[in-house]
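Let me begin by presenting the structure, written as structure tokens, before commenting on it.
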There are 2 protein chains.
Amino acid sequence: MRPTVHDIAAAAGVSLATVDRVLNQRPGVRHVTREKVETAIRELGYIRDVAAANLAKGRTYPLVFILPASDNSFMHGLNAEIRQAIVRSSAERTDIRTIEVPAFDPAALVSVLEGLSREKPCGIALVATDAPEVRAAVDRLVRERFPVVTLVSDLTGSLRHHYAGVDNIAAGRTAARLLGRFLGPRKGEIAVLAGSMLVRDHRERLEGFTAVMAQEFPDLAILPVLEGRDDPEVAHMLVADALGNAGIIGVYSLGAGNRGLIRALKEKAVDRILTVIAHELTAHTRAALIDNTIDAILNQDAGHEVRSAIRVLKAKADGLAVIEAQERIRLDIFLKDNLP
Amino acid sequence: MRPTVHDIAAAAGVSLATVDRVLNQRPGVRHVTREKVETAIRELGYIRDVAAANLAKGRTYPLVFILPASDNSFMHGLNAEIRQAIVRSSAERTDIRTIEVPAFDPAALVSVLEGLSREKPCGIALVATDAPEVRAAVDRLVRERFPVVTLVSDLTGSLRHHYAGVDNIAAGRTAARLLGRFLGPRKGEIAVLAGSMLVRDHRERLEGFTAVMAQEFPDLAILPVLEGRDDPEVAHMLVADALGNAGIIGVYSLGAGNRGLIRALKEKAVDRILTVIAHELTAHTRAALIDNTIDAILNQDAGHEVRSAIRVLKAKADGLAVIEAQERIRLDIFLKDNLP
DNA sequence: ATTTTTTTGATTTACGTACATCAAAATTGA
DNA sequence: TCAATTTTGATGTACGTAAATCAAAAAAAT
């Protein structure tokens, strides 16, 4: 049987009230007494029963999720996962609120972050826009002792407690190696379709991609990046246009807007052997993988990211440790054979 | 505020005791009264506070994990993950016991399973050995209302509630496609190293592998399977011997004993361009991936499997739903760029 | 109508912790 | 040494549920 507060009280030779004062850092305990209690806690290996404590406190976990108002499949999926979490929220004592902010707008994000201090949530998750003022706002929240995790897109150099998302440099490197290996000895040019180079995850993917390409596949030349703004129409236009170049033998799509990419590929490349790697598993990319339009899909599981963010925020709010291995968000690689 | 038993009692116009009788299916409630209470539960959307209920019941979850006594890195890893879970177990009200049985010995496994009925654990996880008598024993436990999940190796056709492991046919298919795509236009022979064809996961991986190979890569011929018994020494001998065949251009290692494989590759294939795909990320395979001896590693995360098995068993014991997407064990594909 | 049986209510204790109150004891300052 | 202050103890209530007891009411059987 695991020890309870009563056991510590007995072991330390003090009353229950004193143990309670020590455990909840309330004043009115002499230093020596506090030490006695702490020794007993250590020796008995006492661990607070969080369920009972939460019951007694009537504790809930008000969490805030801040998301960009982007209209692409991935963000829709992320939203859906958060809604799912909200459905389960009462059972988990969480109370999740989402706030939408304009995408790629640091000022808007900062103003939302600043408003949170007054609201006193017990945890904040945000899809970070990479800007110094956002970093400053996050750091200020952390200093005010709010647990903060970044979701999907990180804010390196900030004091955020945790990042619930994939390693985008590794993702780009992986894409490069897959593409290089799939192409084998062929020489030619590679088209890269991104959303915007202003977004950190896209920049990082490109960075990893070009690094491995340059180092390991010198016969493949990367063409200037096409910025499709994560918009299917724009992507379609850019890719259709680029495919006029007969030297292209591979495509890496590192952002969203793949619907346009796929349409362009089907229209313009029926007679060509192209190797294509894209990000994010959606209904469209899945279908394209199955009909061989796309050769591999790199994916991040939005559901895992959301659940992980919630677990980490709750743990931080309670001052508990997290299982690091469990919270690592993995890069999924899907071929047509291992689709979920 | 979420409704409590008091609220249902008030809404149904009955006493707390009656609500309790209904909730915990105790006798002594007239049919009409039971209906009134159930209506109130539905209308108020009452959900039992599991934490409070467990506290009141002093409930713990005695779980049994049955593992084969195999001496390979993967099983060591699995064991380590279970020990980790045991460390956390008191905080999670679980009480985990492991039982080791001789590997590949259906009779031994059956006798352990039969002994469990008396012990009354609230959940059973087992690495299944694929045999009719094991299936029968598992089905009997399920009929006696014990939650049962298979771990790592499934028992298809049995009544087990859940399988916490990867889809091994998909794994084999994925290996075949990776190998085929990496080899590109080259023609040649493929060596396959397995542990034993008596183990279901190995059979399934081979099945998926040969299917995709035959269908999509007819220029690659699969040589007769080498059965290394998951033993590094045996694997080394077999692979070193096989590499005498100069026609081999690819290797798929679908079981354990990769230490021997890697040694053989380094001794016999320094001058050759071999494409190698192996299962299970260990210190050895990781090093071999980094130094280019291995080209890709397919992996199942033992930690995820163990935690998933525990979550599912607890949920089943409480009659609760599981988040299916969360419990899906994914096939990890590691290249040297996305190692954790 | 009476007895027997079944159903329901009222009440209590418990789980492990949080938190508040008031009294008692110990310590400190003068 | 006495008063003022700090520290500690004793006790009670609460959280939401489980489970038990016993009395009261209702229903069924005779």
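Please note that chains go A, B, ... in the order of the structure tokens, that every chain numbers its residues from 1, and that ligands are numbered from 1 in the order shown.
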
Find the residues of chain B that sit at most 10 Å from chain C; for each, write down the nearest two atoms and how far apart they are in Å, to one decimal. Count only C-alpha atoms (C1' of nucleotides). Sort by chain, then by number going up, and give it as a tab-separated table.
```
residue	atom	partner	partner_atom	distance
B:Val14	CA	C:DT8	C1'	8.1
B:Ser15	CA	C:DG9	C1'	6.0
B:Leu16	CA	C:DG9	C1'	8.4
B:Ala17	CA	C:DG9	C1'	7.4
B:Thr18	CA	C:DT8	C1'	7.0
B:Pro27	CA	C:DT7	C1'	9.6
B:Gly28	CA	C:DT7	C1'	5.9
B:Val29	CA	C:DT7	C1'	6.0
B:Arg30	CA	C:DT7	C1'	6.6
B:Thr33	CA	C:DT7	C1'	9.5
B:Ala52	CA	C:DC15	C1'	8.4
B:Ala53	CA	C:DC15	C1'	8.9
B:Asn54	CA	C:DC15	C1'	8.3
B:Leu55	CA	C:DC15	C1'	4.9
B:Ala56	CA	C:DC15	C1'	4.4
B:Lys57	CA	C:DC15	C1'	6.9
B:Gly58	CA	C:DC15	C1'	6.2
B:Arg59	CA	C:DC15	C1'	9.6
```

Would you list, as JSON, numbers by chain, the residues of stretch 135-284 of chain A that end up in helix (DSSP H, G or I) under DSSP run on this structure's backbone? {"A": [135, 136, 137, 138, 139, 140, 141, 142, 143, 168, 169, 170, 171, 172, 173, 174, 175, 176, 177, 178, 179, 180, 181, 182, 183, 200, 201, 202, 203, 204, 205, 206, 207, 208, 209, 210, 211, 212, 213, 214, 215, 216, 232, 233, 234, 235, 236, 237, 238, 239, 240, 241, 242, 258, 259, 260, 261, 262, 263, 264, 265, 266, 267, 268, 283, 284]}

Taking only C-alpha atoms into account and nothing else, which residues of chain B lie no more than 7 Å away from chain A? Please answer as a list in words.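 The contacting residues on chain B are Ala51, Ala52, Leu55, Ala170, Ala171, Arg173, Thr174, Arg181, Phe182, Gly184, Asp332, Ile333, Leu335, Asp337 and Asn338 of chain B.
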
Show me which bits of chain D are within 12 Å of chain B, counting only C-alpha atoms (C1' of nucleotides), as a PyMOL selection string. chain D and resi 15-21+26-27

Can I get the selected residues back with C-alpha atoms (C1' of nucleotides), as a PDB file, in the first residue's frame?
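See result.pdb below for the written result:
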```
ATOM      1  C1'  DC D  15     -14.908  16.908  -3.043  1.00  0.00           C
ATOM      2  C1'  DG D  16     -17.915  12.752  -5.761  1.00  0.00           C
ATOM      3  C1'  DT D  17     -18.578   8.207  -5.341  1.00  0.00           C
ATOM      4  C1'  DA D  18     -19.093   3.376  -3.113  1.00  0.00           C
ATOM      5  C1'  DA D  19     -21.067   0.501  -0.028  1.00  0.00           C
ATOM      6  C1'  DA D  20     -23.339  -0.823   4.016  1.00  0.00           C
ATOM      7  C1'  DT D  21     -27.193  -0.686   7.461  1.00  0.00           C
ATOM      8  C1'  DA D  26     -45.003  -0.212  -1.225  1.00  0.00           C
ATOM      9  C1'  DA D  27     -46.171  -4.207  -3.636  1.00  0.00           C
TER      10       DA D  27
END
```

May I have the residues within 8 Å of stretch 107-109 of chain B as a list in words, using only C-alpha atoms (C1' of nucleotides) and disregarding those fewer than 5 positions away in the same chain?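 Here the answer would be Val101, Pro102, Thr129, Glu133 and Val134 of chain B.
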
Just the strand (DSSP E) stuff from stretch 185-261 of chain B, please, per backbone DSSP, written as a list of chain:residue names.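 Written out, the strand (DSSP E) residues of stretch 185-261 of chain B are B:Gly188, B:Glu189, B:Ile190, B:Ala191, B:Val192, B:Leu193, B:Ala194, B:Leu220, B:Ala221, B:Ile222, B:Leu226, B:Glu227, B:Ile248, B:Ile249, B:Gly250, B:Val251, B:Tyr252, B:Ser253.
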
May I have the residues within 9 Å of A:Leu44 as a PDB file with C-alpha atoms, in the first residue's frame, using only C-alpha atoms (C1' of nucleotides) and disregarding those fewer than 3 positions away in the same chain?
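Saved result, part_13.pdb, follows:
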```
ATOM      1  CA  ARG A   2       1.290   3.403  -0.829  1.00  0.00           C
ATOM      2  CA  PRO A   3       1.724   5.774   2.097  1.00  0.00           C
ATOM      3  CA  ASP A   7       1.524   7.763   7.495  1.00  0.00           C
ATOM      4  CA  ILE A   8       3.843  10.727   7.127  1.00  0.00           C
ATOM      5  CA  ALA A  11       6.361   8.856  10.916  1.00  0.00           C
ATOM      6  CA  THR A  39      12.529  13.496   5.595  1.00  0.00           C
ATOM      7  CA  ALA A  40       9.526  11.322   6.335  1.00  0.00           C
ATOM      8  CA  ILE A  41       8.107  12.073   2.889  1.00  0.00           C
TER       9      ILE A  41
END
```

Between atom CA of B:Met75 and atom CA of B:Ile262 lies a distance of 19.1 Å

Surrounding residues of B:Pro68 excluding itself and chain neighbours under 2 positions, 12 Å, only C-alpha atoms (C1' of nucleotides), as a PyMOL selection string: chain B and resi 65-66+70-72+74-76+78-79+98-106+108-109+112+125-129+151-153+199

Interatomic distance, atom CA of B:Leu238 to atom CA of B:Val225 (Å, one decimal):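 Going from atom CA of B:Leu238 over to atom CA of B:Val225, I get 10.2 Å.
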
Can you pull out every residue within 10 Å of A:Gly157, counting only C-alpha atoms (C1' of nucleotides), but drop anything in the same chain fewer than 5 positions away, and send it as a list in words?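 Skipping anything fewer than 5 positions along the chain leaves Pro132, Arg135 and Asp139 of chain A.
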
Length of the atom CA of B:Ile249 to atom CA of A:Asn292 vector [Å]: 25.2 Å
